[in-house]
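> Here you go, one structure.
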Amino acid sequence: MGAVVADDGPSGVKAPDGGWGWAVLFGCFIITGFSYAFPKAVSVFFKELIREFGIGYSDTAWISSILLAMLYGTGPLCSVCVNRFGCRPVMLVGGLFASMGMVIASFCTSIVQIYLTAGVITGLGLALNFQPSLIMLNRYFDKRRPLANGLSAAGSPVFLCALSPLGQILQHEYGWRGGFLILGGMLLNCCVCGALMRPLEPPKKSEATKEPAEKKVKKKLLDFSVFKDGGFVIYALAASIMVLGLFVPPVFVVSYAKDLGYQDTKAAFLLTILGFIDIFARPICGMVAGLKWVRPRCVYLFSFAMIFNGFTDLMGSMSVDYGGLVVFCIFFGISYGMVGALQFEVLMAIVGTQKFSSAIGLVLLAEAMAVLIGPPSAGKLLDATGRYMFVFITAGIEVTTSALVLAMGNFFCIKKKSEEPHTKEEAAEREELNKSEDKTPEDAKVDSIEVEQFLKDEPEKNGEVVTNPETCV
């Protein structure tokens with residue numbers, strides 16, 4: 001799989017934007033699919049668990065909740081592991097954990113044991129795969145990164161459409177124990193995806209000069225300096241508000257249809273429609289975000305996606321029949337896919353390659369709290385009012401508010417400060433140019449060529465986007 005080098009993402013390495021990066025993208029597609037779809041796919045085994053252990057549906061629902069909590073809440077731990085050991089070793093261990101959790105769960109004799117195995121152990125394994133895969137995708141793609149993010153994000157709806165019917169077949173043929181055992185074997189594919197994450201090798205010429213600087217970066221297992229970046233703080237705040245309502249409609253839309261008097265199979269078909277639209281929305285949005293004019297303004301496209309999603313929730317609250325819910329699922333699938341394709345692309349653009357491993361861990365931790373609060377609070381609102389309309393209105397208001405926080409915070413707080421980091425660089429460049437004028441003609445010629453090449457290559461650095469007055473940072 002290539003030479004063994006330190007997986008620290010050296011800043012002097014230019015993103016290949018292809019080549020082995022397509023293999024990395026394939027691995028990220030599979031990891032994203034398992035990470036987001038697996039907690040939902042496990043729900044097909046809940047009836048069997050209820051029958052065997054004599055528990056309620058709320059008790060089994062904790063399995064999915066724990067899986068999601070581990071995926072989001074262990075973000076800082078994953079960041080520390082990646083910065084200490086590198087992406088590939090962490091993903092290999094994570095794949096073993098994810099598989100081991102499901103295999104052990106197939107022998108459990110109580111629901112608490114399943115919480116610890118299928119919930120905690122498997123959830124931790126998926127988390128140790130999800131975050132490093134995004135970090136490697138960020139290192140391998142720069143110009144094509146929006147498209148790469150869109151394609152990898154499409155793994156979530158694709159795997160959801162595949163794993164749910166597969167889980168039903170496994171339950172019917174082998175029972176929940178056999179199904180857990182087979183799914184555990186399937187999760188070993190995460191180790192294969194981890195093996196695909198080949199580290200980028202730094203240029204041999206610059207190894208001697210950049211080695212001391214890189215060693216200093218390695219000492220920071222979790223870089224809290226990202227909180228000094230106004231763009232990151234605004235993004236983290238907006239993302240936390242967004243996830244309060246983002247996942248609520250998909251959870252309640254099926255129950256909404258059943259409450260209107262439609263059959264279970266017809267109600268469940270709504271999620272199929274939503275997932276099918278989502279599959280195409282994510283890569284298409286990634287292509288649009290990669291356009292020359294759109295990419296520097298990607299943060300505003302992300303804000304539009306959230307407003308679109310929130311407005312769709314508000315309109316969905318007025319649905320009174322099955323046709324209205326179908327229209328809602330179509331537009332929700334489009335907006336949900338846009339949000340999924342852009343959320344990590346915008347974060348990558350804000351913090352850059354070197355701080356992304358720490359930034360994503362801290363953002364996921366902030367989102368974990370909101371993920372645990374969102375659906376349960378919506379359920380309490382439904383119990384209190386007895387009407388799904390208020391649930392959808394609340395979700396729409398929360399997502400729309402997050403869009404306004406991101407767009408207005410970016411426009412008023414970040415726009416004017418975006419040029420500050422570059423003023424020092426420009427001053428250094430001018431100083432180099434002035435020095436070159438005082439040297440001999442031959443030295444001046446050589447230095448001018450080096451400066452020109454430096455200025456030409458600077459925007460090409462891995463994970464960094466050229467900043468202009470219209471971009472977020």
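Ordering of the structure tokens sets the chain letters (A, B, ...), residue numbers begin anew at 1 in every chain, and ligands are numbered from 1 in the order given.
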For range 325-333 of chain A, work out the shell of residues within 7 Å, counting only C-alpha atoms and skipping chain neighbours fewer than 5 positions away, then give it as an MDAnalysis selection string.
chainID A and resid 270 273:275 277:278 309 312 316 319
> Report the residues of range 268-441 of chain A whose backbone DSSP state falls under alpha helix (DSSP H), written as a ChimeraX atom specification.
/A:268-289,298-316,322-385,388-409,420-438,441
> Quick one: of A:Gly185, A:Gly167, A:Gly324, A:Gly178, who's nearest to Phe107 in chain A, counting only C-alpha atoms?
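Nearest candidate to Phe107 in chain A out of A:Gly185, A:Gly167, A:Gly324, A:Gly178: A:Gly178.
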> Expressed in Å to a single decimal, how great is the separation between CA of Gly101 in chain A and CA of Val24 in chain A?
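About the pair CA of Gly101 in chain A and CA of Val24 in chain A: they are 25.1 Å apart.
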> Need to verify the contact set: Pro39 in chain A, 7 Å, only C-alpha atoms, exclusion of same-chain residues closer than 4 positions in sequence. Can you return it as JSON, numbers by chain?
{"A": [64, 67, 68]}
> Could you tell me how far CA of Thr117 in chain A lies from CA of Thr32 in chain A, in Å and to one decimal?
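So the answer is 20.7 Å.
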> Which one of A:Phe224, A:Val248, A:Glu48, A:Phe311 sits closest to Leu381 in chain A if you count only C-alpha atoms?
A:Val248
> What's the separation between CA of Met369 in chain A and CA of Ala69 in chain A, in Å to one decimal place?
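Interatomic distance, CA of Met369 in chain A to CA of Ala69 in chain A: 8.2 Å.
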> Counting only C-alpha atoms, figure out which residue out of A:Ile31, A:Ala154, A:Leu364, A:Met338 gets nearest to Leu92 in chain A.
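Closest to Leu92 in chain A, using only C-alpha atoms: A:Ile31.
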> Point out the residue among A:Met197, A:Leu124, A:Val346, A:Ala239 with the least atom-to-atom distance to Leu362 in chain A, counting only C-alpha atoms.
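Of all the options, A:Ala239 lies closest to Leu362 in chain A.
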> Name the residues in contact with range 227-236 of chain A at a cut-off of 9 Å, using only C-alpha atoms, excluding same-chain residues fewer than 5 positions from it; report them as a tab-separated table (two decimals) with C-alpha atoms, in the first residue's frame.

```
chain	number	residue	atom	x	y	z
A	241	ILE	CA	-28.44	24.82	16.14
A	346	VAL	CA	-17.35	24.51	4.34
A	347	LEU	CA	-15.51	23.44	7.51
A	350	ILE	CA	-12.63	27.58	7.03
A	351	VAL	CA	-9.86	25.88	9.02
A	359	ALA	CA	-11.77	21.16	14.22
A	362	LEU	CA	-14.72	19.63	18.35
A	363	VAL	CA	-17.61	20.34	15.97
A	364	LEU	CA	-18.90	16.76	16.22
A	366	ALA	CA	-20.87	20.17	19.95
A	367	GLU	CA	-23.32	18.50	17.55
A	405	VAL	CA	-26.51	32.74	12.14
A	406	LEU	CA	-24.02	31.37	9.61
A	409	GLY	CA	-22.09	36.01	11.12
A	410	ASN	CA	-19.97	35.41	8.02
A	413	CYS	CA	-18.01	39.42	11.43
A	414	ILE	CA	-15.70	37.49	9.12
A	417	LYS	CA	-11.23	40.16	9.04
A	472	CYS	CA	-15.83	32.95	4.64
A	473	VAL	CA	-12.30	33.22	6.01
```
> Go through A:Tyr388, A:Tyr336, A:Phe38, A:Phe45 one by one, measure the shortest atom-to-atom distance of each to Ser255 in chain A using only C-alpha atoms, and give the residue with the smallest value.
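Checking each candidate against Ser255 in chain A, we get A:Tyr388 as the closest.
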> Name the closest residue to Ser99 in chain A among the candidates A:Gly184, A:Cys285, A:Val112, A:Asp17; distances are taken between atoms, counting only C-alpha atoms.
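Checking each candidate against Ser99 in chain A, we get A:Gly184 as the closest.
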> Can you tell me, as a ChimeraX atom specification, what residues are no more than 6 Å from range 125-139 of chain A when counting only C-alpha atoms, ignoring any on the same chain fewer than 2 positions away?
/A:15,28,31,35,71,78,87,91,94-95,97-98,122-123,141,462-463
> Within 12 Å of range 145-148 of chain A, which residues of range 212-284 of chain A come that close, and what is the closest atom pair and distance in Å for each? Count only C-alpha atoms and give it as CSV.

```
residue,atom,partner,partner_atom,distance
A:Ala281,CA,A:Leu147,CA,11.7
A:Arg282,CA,A:Leu147,CA,8.9
A:Pro283,CA,A:Leu147,CA,6.3
A:Ile284,CA,A:Leu147,CA,8.0
```
> Write to file, as a PDB file, in the first residue's frame, the residues of the selection just made, with C-alpha atoms.

```
ATOM      1  CA  ALA A 281     -28.752  15.610  -4.674  1.00  0.00           C
ATOM      2  CA  ARG A 282     -25.403  15.192  -2.904  1.00  0.00           C
ATOM      3  CA  PRO A 283     -23.033  14.656  -5.865  1.00  0.00           C
ATOM      4  CA  ILE A 284     -24.874  17.253  -7.983  1.00  0.00           C
TER       5      ILE A 284
END
```
> May I have the residues within 9 Å of Phe344 in chain A as a list in words, using only C-alpha atoms and disregarding those fewer than 3 positions away in the same chain?
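Neighbouring residues, sequence-local ones excluded: Leu134, Asn149, Gly340, Ala341, Leu347, Met348, Ala349 and Ile360 of chain A.
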> I need the chosen residues saved as a PDB file, in the first residue's frame, with C-alpha atoms.

```
ATOM      1  CA  LEU A 134     -12.809  12.793   6.005  1.00  0.00           C
ATOM      2  CA  ASN A 149     -17.270  15.594  -0.595  1.00  0.00           C
ATOM      3  CA  GLY A 340     -24.930  16.759   3.680  1.00  0.00           C
ATOM      4  CA  ALA A 341     -22.685  17.553   0.710  1.00  0.00           C
ATOM      5  CA  LEU A 347     -15.514  23.444   7.513  1.00  0.00           C
ATOM      6  CA  MET A 348     -12.497  22.353   5.452  1.00  0.00           C
ATOM      7  CA  ALA A 349     -12.460  25.730   3.714  1.00  0.00           C
ATOM      8  CA  ILE A 360     -14.014  18.317  13.074  1.00  0.00           C
TER       9      ILE A 360
END
```
